[in-house]
Every structure is written in structure tokens, then in C-alpha cells.
Amino acid sequence: MSANVLMISEQSFKDFTVASANIDLKNVTQVIKMTQDRYIHPICGTALYNKILELIVAGTIGDAGNAVYKTLLDSYIRYFIQLCPR
């Protein structure tokens, strides 16, 4: 799957954490990607992880048939990425 797909936007990360508004987006992107690779991928497993990334890239994560993936992403994964210790 694409190495550049983020499960949370940089702005959402900055809004929810104590990250300064002046922090470089490049650093935020690296932290998000590292958290996805180091924690989310092993917890979800490759098949589920790649499925969620594919739905994000395709823009279909919000479709009715993908409600389970959307709930997982919104209710669990995004909060984990925001709160995960670095």
C-alpha cells in the first residue's frame, strides 16, 4: 500500500494534541506515518490495514457498505494515533 496514505489529517492531529500550531507539517506527517506503521499495522494485521488504506485512497471509506471500516477508523484508530506515546 502507498507509503504516503495517512489515516488522520495533519490538521486533525495538531488540533487534538498539544502540538504547536507552528510545528512543521513534515514532522507531523512523519509521526503519523510512524505510528501507523509501528502500532496500527501490527494490531490490525496486513489485510485489514491495507483494506482501510485502500478505502481512504479510493474515497469510499464513507460509503454505506464500508460502515464497519469507517467506524473502526473514526472511533478507534484515529484516537489511538492522536494519543499514542511517541
# chains A, B, ... in the order shown; residues from 1 in each chain; ligands from 1
>>> residues_around(residues="Tyr49 (chain A)", least_positions_apart="5", cutoff="10 Å", atoms="only C-alpha atoms", output="ChimeraX atom specification")
/A:1,36-37,40-44,54,69
>>> closest_residue(among="A:Gly65, A:Asn27, A:Val5, A:Phe13", to="Tyr79 (chain A)", atoms="only C-alpha atoms")
A:Phe13
>>> closest_residue(among="A:Ile32, A:Lys51, A:Ala58, A:Asp24", to="Ser9 (chain A)", atoms="only C-alpha atoms")
A:Ile32
>>> residues_around(residues="Gly62 (chain A)", least_positions_apart="5", cutoff="12 Å", atoms="only C-alpha atoms", output="list of chain:residue names")
A:Ile52, A:Leu55, A:Ile56, A:Val57, A:Ala67, A:Val68, A:Tyr69, A:Lys70, A:Thr71, A:Leu72, A:Leu73, A:Asp74
>>> residues_around(residues="Lys33 (chain A)", least_positions_apart="4", cutoff="9 Å", atoms="only C-alpha atoms", output="short mmCIF file (atom, residue, chain, number, x, y, z; two decimals) with C-alpha atoms, in the first residue's frame")
data_model
loop_
_atom_site.label_atom_id
_atom_site.label_comp_id
_atom_site.auth_asym_id
_atom_site.auth_seq_id
_atom_site.Cartn_x
_atom_site.Cartn_y
_atom_site.Cartn_z
CA ALA A 3 3.64 4.82 1.94
CA ASN A 4 2.03 8.27 1.83
CA VAL A 5 -1.51 7.43 2.95
CA LEU A 6 -2.40 8.88 6.33
CA MET A 7 -5.31 7.66 8.45
CA VAL A 28 3.65 15.76 11.88
CA THR A 29 3.38 13.57 8.79
CA ASP A 37 3.45 1.52 10.76
CA ARG A 38 4.68 0.73 14.27
#
>>> atom_distance(atom1="CA of Lys26 (chain A)", atom2="CA of Glu10 (chain A)")
9.1 Å
>>> closest_residue(among="A:Leu48, A:Leu53, A:Asp63, A:Tyr39", to="Ile8 (chain A)", atoms="only C-alpha atoms")
A:Leu53
>>> atom_distance(atom1="CA of Phe80 (chain A)", atom2="CA of Thr35 (chain A)")
8.9 Å
>>> select_by_dssp(residues="chain A", states="helix (DSSP H, G or I)", output="PyMOL selection string")
chain A and resi 10-16+25-44+46-58+64-83
